[in-house]
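Below: query_30.pdb (PDB, C-alpha atoms and all ligand atoms)
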ATOM      1  CA  MET U  62      65.300 141.980 168.024
ATOM      2  CA  ALA U  63      64.999 142.304 171.769
ATOM      3  CA  ILE U  64      67.160 144.003 174.357
ATOM      4  CA  LEU U  65      66.686 142.037 177.525
ATOM      5  CA  THR U  66      66.592 143.498 180.982
ATOM      6  CA  THR U  67      69.043 141.767 183.289
ATOM      7  CA  GLU U  68      70.254 142.309 186.830
ATOM      8  CA  GLU U  69      72.977 144.560 185.474
ATOM      9  CA  PHE U  70      71.024 146.295 182.765
ATOM     10  CA  ASP U  71      67.586 147.836 182.518
ATOM     11  CA  ALA U  72      66.386 147.875 178.916
ATOM     12  CA  ALA U  73      63.876 150.592 179.815
ATOM     13  CA  THR U  74      66.794 153.039 179.978
ATOM     14  CA  VAL U  75      67.535 152.605 176.276
ATOM     15  CA  ASP U  76      66.373 155.276 173.866
ATOM     16  CA  PRO U  77      64.738 153.122 171.166
ATOM     17  CA  LEU U  78      65.323 155.685 168.448
ATOM     18  CA  SER U  79      69.054 155.773 169.108
ATOM     19  CA  VAL U  80      69.514 152.103 168.363
ATOM     20  CA  ARG U  81      71.231 151.089 165.124
ATOM     21  CA  PHE U  82      71.286 147.466 164.145
ATOM     22  CA  GLY U  83      73.424 145.442 161.807
ATOM     23  CA  PRO U  84      76.026 146.475 159.243
ATOM     24  CA  GLY U  85      73.421 148.665 157.533
ATOM     25  CA  GLU U  86      72.773 150.528 160.799
ATOM     26  CA  ALA U  87      69.039 150.114 160.530
ATOM     27  CA  SER U  88      66.861 152.199 162.790
ATOM     28  CA  GLU U  89      63.590 151.188 164.404
ATOM     29  CA  ALA U  90      61.076 150.471 161.665
ATOM     30  CA  HIS U  91      58.121 151.994 163.504
ATOM     31  CA  GLY U  92      59.958 154.913 165.064
ATOM     32  CA  ARG U  93      59.247 153.622 168.553
ATOM     33  CA  GLY U  94      60.192 150.826 170.885
ATOM     34  CA  HIS U  95      57.889 148.208 172.286
ATOM     35  CA  TRP U  96      58.241 147.119 175.861
ATOM     36  CA  GLU U  97      57.262 143.530 176.427
ATOM     37  CA  ASP U  98      58.416 140.761 178.694
ATOM     38  CA  VAL U  99      60.111 138.887 175.888
ATOM     39  CA  ASP U 100      61.791 136.225 177.982
ATOM     40  CA  GLY U 101      58.996 135.847 180.500
ATOM     41  CA  ASP U 102      61.075 136.610 183.580
ATOM     42  CA  GLY U 103      58.749 139.286 184.903
ATOM     43  CA  ASP U 104      60.533 142.461 183.822
ATOM     44  CA  PHE U 105      60.049 144.482 180.690
ATOM     45  CA  ASP U 106      62.426 144.090 177.783
ATOM     46  CA  LEU U 107      62.771 146.368 174.806
ATOM     47  CA  MET U 108      61.523 144.911 171.553
ATOM     48  CA  LEU U 109      62.657 146.618 168.382
ATOM     49  CA  HIS U 110      61.709 145.907 164.821
ATOM     50  CA  PHE U 111      63.979 146.482 161.876
ATOM     51  CA  ARG U 112      63.390 146.028 158.194
ATOM     52  CA  THR U 113      65.605 143.208 157.019
ATOM     53  CA  GLN U 114      66.822 145.110 153.985
ATOM     54  CA  ASP U 115      67.807 148.046 156.194
ATOM     55  CA  THR U 116      69.975 145.940 158.484
ATOM     56  CA  GLY U 117      72.369 144.925 155.731
ATOM     57  CA  LEU U 118      72.231 141.367 156.997
ATOM     58  CA  VAL U 119      72.225 138.638 154.422
ATOM     59  CA  GLN U 120      71.272 135.012 154.556
ATOM     60  CA  GLY U 121      74.021 133.072 156.222
ATOM     61  CA  ASP U 122      74.910 135.807 158.677
ATOM     62  CA  THR U 123      75.005 134.296 162.132
ATOM     63  CA  GLN U 124      75.766 137.284 164.291
ATOM     64  CA  ALA U 125      74.607 140.867 164.365
ATOM     65  CA  CYS U 126      75.423 143.785 166.584
ATOM     66  CA  LEU U 127      73.569 146.844 167.711
ATOM     67  CA  THR U 128      74.619 150.114 169.187
ATOM     68  CA  GLY U 129      72.549 152.692 170.954
ATOM     69  CA  LEU U 130      72.312 155.236 173.708
ATOM     70  CA  THR U 131      70.472 155.301 176.972
ATOM     71  CA  PHE U 132      68.278 158.280 177.756
ATOM     72  CA  ASP U 133      71.227 159.451 179.857
ATOM     73  CA  GLY U 134      73.470 159.406 176.805
ATOM     74  CA  ILE U 135      75.475 156.341 177.773
ATOM     75  CA  GLY U 136      76.538 154.243 174.811
ATOM     76  CA  ILE U 137      75.495 150.622 174.711
ATOM     77  CA  GLU U 138      76.360 147.857 172.333
ATOM     78  CA  GLY U 139      75.679 144.209 172.041
ATOM     79  CA  CYS U 140      75.917 141.349 169.652
ATOM     80  CA  ASP U 141      73.852 138.235 169.403
ATOM     81  CA  ALA U 142      73.310 135.286 167.215
ATOM     82  CA  VAL U 143      70.868 135.782 164.414
ATOM     83  CA  ARG U 144      69.361 133.417 161.941
ATOM     84  CA  MET U 145      68.396 134.810 158.609
ATOM     85  CA  VAL U 146      65.447 132.868 157.291
ATOM     86  CA  PRO U 147      65.482 132.517 153.534
ATOM     87  CA  PRO U 148      62.353 133.373 151.589
ATOM     88  CA  LYS U 149      60.398 130.279 150.700
ATOM     89  CA  ASN U 150      61.129 128.533 147.414
ATOM     90  CA  VAL U 151      63.894 130.903 146.487
ATOM     91  CA  THR U 152      67.210 129.924 147.942
ATOM     92  CA  PRO U 153      68.591 126.416 147.975
ATOM     93  CA  PRO U 154      70.174 125.317 151.235
ATOM     94  CA  LEU U 155      73.887 124.840 151.541
ATOM     95  CA  ILE U 156      74.533 121.289 152.606
ATOM     96  CA  ARG U 157      77.847 120.338 154.067
ATOM     97  CA  GLY U 158      78.859 116.722 154.023
ATOM     98  CA  GLY U 159      81.861 114.454 153.674
ATOM     99  CA  GLY U 160      84.280 117.271 154.300
ATOM    100  CA  GLN U 161      83.285 119.053 151.134
ATOM    101  CA  SER U 162      80.754 121.770 150.800
ATOM    102  CA  THR U 163      78.140 121.033 148.251
ATOM    103  CA  LYS U 164      75.546 123.365 146.898
ATOM    104  CA  ALA U 165      72.244 121.566 146.733
ATOM    105  CA  GLN U 166      69.463 122.694 144.468
ATOM    106  CA  ALA U 167      66.101 122.443 146.186
ATOM    107  CA  ARG U 168      63.215 121.855 143.832
TER     108      ARG U 168
HETATM  109 CA    CA U 201      61.969 140.065 180.779
END
Could you take the file, read its structure, and then write that structure out as structure tokens?
Ligand SMILES: [Ca+2]
Amino acid sequence: MAILTTEEFDAATVDPLSVRFGPGEASEAHGRGHWEDVDGDGDFDLMLHFRTQDTGLVQGDTQACLTGLTFDGIGIEGCDAVRMVPPKNVTPPLIRGGGQSTKAQAR
């Protein structure tokens, strides 16, 4: 999960420990933020790690939101597309075809 710095928003102002992510309101797994240039545009973005089980997200969720505070106490929030990757060899994919949804068993 990354909070990107843009022209309007400096991710370095975000207090990493204030950020809650997903319906489970997960907090940063390591208790700290990581500043990296995630998108390679030359400024630092805030990278946060959350434990999947803490976020409350389940496979099939396509969007997740976070809330947080800047160091100045200003509330921030944002949502973005997420892709939950199923554990290998556990969950069969849902295949949609012919106007009907069909559950396919992967073996
Ligand atoms: Ca950047």
Would you compute the distance between atom CA of ligand CA 201 (chain U) and atom CA of Thr131 of chain U? Give it in Å to one decimal.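 Spanning atom CA of ligand CA 201 (chain U) to atom CA of Thr131 of chain U is a straight-line distance of 17.9 Å.
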Can you tell me which residues sit at most 10 Å away from ligand CA 201 (chain U), counting all atoms listed in the file, written as an MDAnalysis selection string? chainID U and resid 63:67 71:72 96:107
Write the residues you've just listed into a file as a short mmCIF file (atom, residue, chain, number, x, y, z; two decimals), keeping the file's coordinate frame, and include C-alpha atoms for each of them.
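Once everything was written out, this is part-v3.cif:
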data_model
loop_
_atom_site.label_atom_id
_atom_site.label_comp_id
_atom_site.auth_asym_id
_atom_site.auth_seq_id
_atom_site.Cartn_x
_atom_site.Cartn_y
_atom_site.Cartn_z
CA ALA U 63 65.00 142.30 171.77
CA ILE U 64 67.16 144.00 174.36
CA LEU U 65 66.69 142.04 177.52
CA THR U 66 66.59 143.50 180.98
CA THR U 67 69.04 141.77 183.29
CA ASP U 71 67.59 147.84 182.52
CA ALA U 72 66.39 147.88 178.92
CA TRP U 96 58.24 147.12 175.86
CA GLU U 97 57.26 143.53 176.43
CA ASP U 98 58.42 140.76 178.69
CA VAL U 99 60.11 138.89 175.89
CA ASP U 100 61.79 136.22 177.98
CA GLY U 101 59.00 135.85 180.50
CA ASP U 102 61.08 136.61 183.58
CA GLY U 103 58.75 139.29 184.90
CA ASP U 104 60.53 142.46 183.82
CA PHE U 105 60.05 144.48 180.69
CA ASP U 106 62.43 144.09 177.78
CA LEU U 107 62.77 146.37 174.81
#
Counting all atoms listed in the file, which residue out of U:His91, U:Glu68, U:Cys140, U:Asp76 sits closest to Gln124 of chain U? U:Cys140
Apply the PyMOL selection byres (((chain U and resi 109) around 7) and not hetatm) to the structure shown and report the selected residues as an NGL selection string. :U and (62-63 or 89 or 94-95 or 107-108 or 110-111)
Export of the given selection (C-alpha atoms) as a compact mmCIF listing (two decimals), in the frame of the given file:
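Output saved as out_7.txt:
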# COMPACT_ATOMS: atom_id res chain seq x y z
CA MET U 62 65.30 141.98 168.02
CA ALA U 63 65.00 142.30 171.77
CA GLU U 89 63.59 151.19 164.40
CA GLY U 94 60.19 150.83 170.88
CA HIS U 95 57.89 148.21 172.29
CA LEU U 107 62.77 146.37 174.81
CA MET U 108 61.52 144.91 171.55
CA HIS U 110 61.71 145.91 164.82
CA PHE U 111 63.98 146.48 161.88
Taking only C-alpha atoms into account, which of U:Arg112, U:Val146, U:Gly139, U:Gly129 comes nearest Thr74 of chain U? U:Gly129
Which residues are close to segment 83-87 of chain U, i.e. within 6 Å by only C-alpha atoms, leaving aside same-chain residues fewer than 5 positions away? Reply as a ChimeraX atom specification. /U:115-117,125-126
Record the distance separating atom CA of Ile135 of chain U and atom CA of Val119 of chain U, expressed in Å with one decimal.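 Taking atom CA of Ile135 of chain U and atom CA of Val119 of chain U, their separation equals 29.5 Å.
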